[in-house]
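S.K.: Quick one: the structure is below, and I'll ask about it shortly.
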Amino acid sequence: MNGENDSEKSRETGGVHEFWADPTSWQFSRVSGKLPAMRSIMVTGAAGFIGSNFVRLLVNRREAVKLLALDKLTYAGNLANIGDLLKSHPEQLAFARADICDAGEIERLWELHKITEVVHFAAESHVDRSILGSGPFVQTNVVGTQVLLDVAKANKVQKFLQVSTDEVYGTLPEDKPEEKFTEETPLQPNSPYSASKAAGDCLVRSYFHTFGLPVLTTRCSNNYGPYHFPEKLIPLFVTNLMEGKKVPLYGDGMNIRDWLYVEDHCEAIWTVLNKGRFGEVYNIGGNNEITNRKITETLIREMGRKWDDSVQYVKDRPGHDRRYAIDAGKIKRELGWEPKHRFDEAIKTTIQWYRDHQDWWRNIKSGEYLKYYQQQYAGR
């Protein structure tokens with residue numbers, strides 16, 4: 001910060017700065033050089049895994065939008081995920097530490113930044129943690145979504161995109177590979193996490209049908225890539241292997257997930273935000289079903305380790321869904337999106353990112369994280 005006379009200002013918010021650019025400054029269009037009708041997008045959960053990658057995508061491409069990156073900075077929110085962008089692009093990107101359940105603060109930020117659209121990533125998202133305690137999941141994923149919808153409605157939001165998950169659909173049979181989740185699949189959530197996300201999705205739908213709010217919903221398969229919090233399978237296994245530790249493989253390791261590189265997911269969200277039809281749901285998938293065991297084998301091979309020295313089978317978690325698979329035909333037909341990254345190449349890129357950013361994940365895998373890890377896997 002260079003003082004009050006500069007266009008970039010800051011104020012302390014709970015020990016973390018809130019940054020914003022001069023509201024009178026504008027970014028010129030990349031194409032025409034003319035002043036665009038500026039879009040101002042509130043990105044909730046912007047310091048998390050997918051949210052930070054979405055912010056990076058738009059900032060690095062110099063899209064003609066202003067972004068308010070909003071995050072409560074709980075255990076999974078890390079300002080380091082976007083810190084470099086806040087310094088290098090203050091004219092386009094602002095940050096505010098805020099709780100989406102705080103209606104007054106959301107209203108204040110909305111007015112300050114002249115918000116026109118919302119992309120709602122903010123969520124408690126780890127199934128295992130929801131089994132240990134569901135309260136924070138209901139508060140953030142249900143109440144927080146309701147608060148955002150009410151503020152958006154009061155301020156006549158132009159677009160509200162709810163980022164959801166394929167887990168709201170429940171599970172699929174292993175012996176029927178032709179069956180996949182479509183947008184018409186009934187919601188049958190099987191964990192407190194997925195139940196809270198399904199409830200948020202239903203609220204979003206209701207605000208469209210009751211109030212005509214211009215909403216969109218995306219439901220995506222499992223993501224992987226840079227800045228992924230290391231309690232999830234791929235970053236946990238990669239970092240454990242780098243530390244010389246064994247990886248905890250649930251049950252028989254034959255649970256199946258559809259894996260999508262995070263940049264492809266972010267491209268899909270941007271596509272839906274710009275081209276999607278209000279009130280619609282769009283499934284986003286990688287066409288890439290892999291068992292957890294196969295993922296583990298791939299990581300061990302790529303990192304030069306041996307199976308017997310690297311794997312510790314642990315008791316499966318309660319209610320563990322057996323198979324997810326996304327039919328992403330609708331978003332391809334209607335909006336022209338499909339994934340670009342092949343898993344066998346993108347997983348190498350992901351592993352290398354964690355090798356190159358050890359300070360980032362080693363700072364996380366300590367303190368409270370270590371206590372959680374020991375609690376989660378003790379005796380299993």
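Ordering of the structure tokens sets the chain letters (A, B, ...), residue numbers begin anew at 1 in every chain, and ligands are numbered from 1 in the order given.
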Pick out the residues sitting within 9 Å of Asn81 of chain A, and hand them over as a PyMOL selection string; count only C-alpha atoms, and ignore anything fewer than 3 positions along from it in its own chain.
M.R.: chain A and resi 46-49+52-53+77-78+84-85+227+360
S.K.: Any chance you could list, as an MDAnalysis selection string, the residues in segment 23-231 of chain A that come up alpha helix (DSSP H) when DSSP is run on the backbone?
M.R.: chainID A and resid 49:60 83:88 103:113 127:132 135:138 145:154 192:211
S.K.: Would you work out the distance separating atom CA of Cys266 of chain A from atom CA of Asp166 of chain A, expressed in Å to one decimal?
M.R.: 15.6 Å
S.K.: Pick out the residues sitting within 9 Å of Arg322 of chain A, and hand them over as number ranges by chain; count only C-alpha atoms, and ignore anything fewer than 2 positions along from it in its own chain.
M.R.: A: 171-174, 254-257, 319-320, 324
S.K.: Could you write out the selected residues, including C-alpha atoms, as a PDB file, in the first residue's frame?
M.R.:
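The resulting file, result32.pdb, is shown below:
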```pdb
ATOM      1  CA  THR A 171     -24.670 -42.849  -6.151  1.00  0.00           C
ATOM      2  CA  LEU A 172     -24.748 -44.977  -9.314  1.00  0.00           C
ATOM      3  CA  PRO A 173     -24.563 -48.773  -9.730  1.00  0.00           C
ATOM      4  CA  GLU A 174     -21.137 -50.168 -10.589  1.00  0.00           C
ATOM      5  CA  MET A 254     -12.845 -49.353  -5.915  1.00  0.00           C
ATOM      6  CA  ASN A 255     -15.034 -46.267  -5.491  1.00  0.00           C
ATOM      7  CA  ILE A 256     -15.375 -44.588  -8.887  1.00  0.00           C
ATOM      8  CA  ARG A 257     -15.246 -40.855  -9.602  1.00  0.00           C
ATOM      9  CA  GLY A 319     -22.230 -43.902   3.602  1.00  0.00           C
ATOM     10  CA  HIS A 320     -19.399 -43.713   1.050  1.00  0.00           C
ATOM     11  CA  TYR A 324     -20.323 -40.968  -9.684  1.00  0.00           C
TER      12      TYR A 324
END
```
S.K.: Using only C-alpha atoms, which protein or nucleic acid residues come within 7 Å of Ile100 of chain A? Drop anything in the same chain fewer than 5 positions from it, and give the result as a PDB file with N, CA and C atoms, in the first residue's frame.
M.R.:
```pdb
ATOM      1  N   ILE A 106     -22.503  -8.191   3.446  1.00  0.00           N
ATOM      2  CA  ILE A 106     -22.675  -8.486   2.023  1.00  0.00           C
ATOM      3  C   ILE A 106     -23.343  -7.309   1.321  1.00  0.00           C
ATOM      4  N   GLY A 144     -26.028 -19.457   4.297  1.00  0.00           N
ATOM      5  CA  GLY A 144     -25.213 -18.513   3.522  1.00  0.00           C
ATOM      6  C   GLY A 144     -25.766 -18.293   2.130  1.00  0.00           C
ATOM      7  N   VAL A 147     -28.852 -16.057   2.374  1.00  0.00           N
ATOM      8  CA  VAL A 147     -28.494 -14.651   2.583  1.00  0.00           C
ATOM      9  C   VAL A 147     -28.060 -14.016   1.262  1.00  0.00           C
ATOM     10  N   LEU A 148     -27.214 -14.694   0.520  1.00  0.00           N
ATOM     11  CA  LEU A 148     -26.764 -14.154  -0.767  1.00  0.00           C
ATOM     12  C   LEU A 148     -27.934 -13.954  -1.725  1.00  0.00           C
TER      13      LEU A 148
END
```
S.K.: Tell me which of A:Thr74, A:Ser130, A:Thr350, A:Thr271 sits closest to Phe54 of chain A, counting only C-alpha atoms.
M.R.: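 The answer is A:Thr271, which sits nearest to Phe54 of chain A.
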S.K.: List every residue of segment 3-227 of chain A that DSSP, applied to the backbone, labels as strand (DSSP E or B), and write the result as a count of residues only.
M.R.: 49
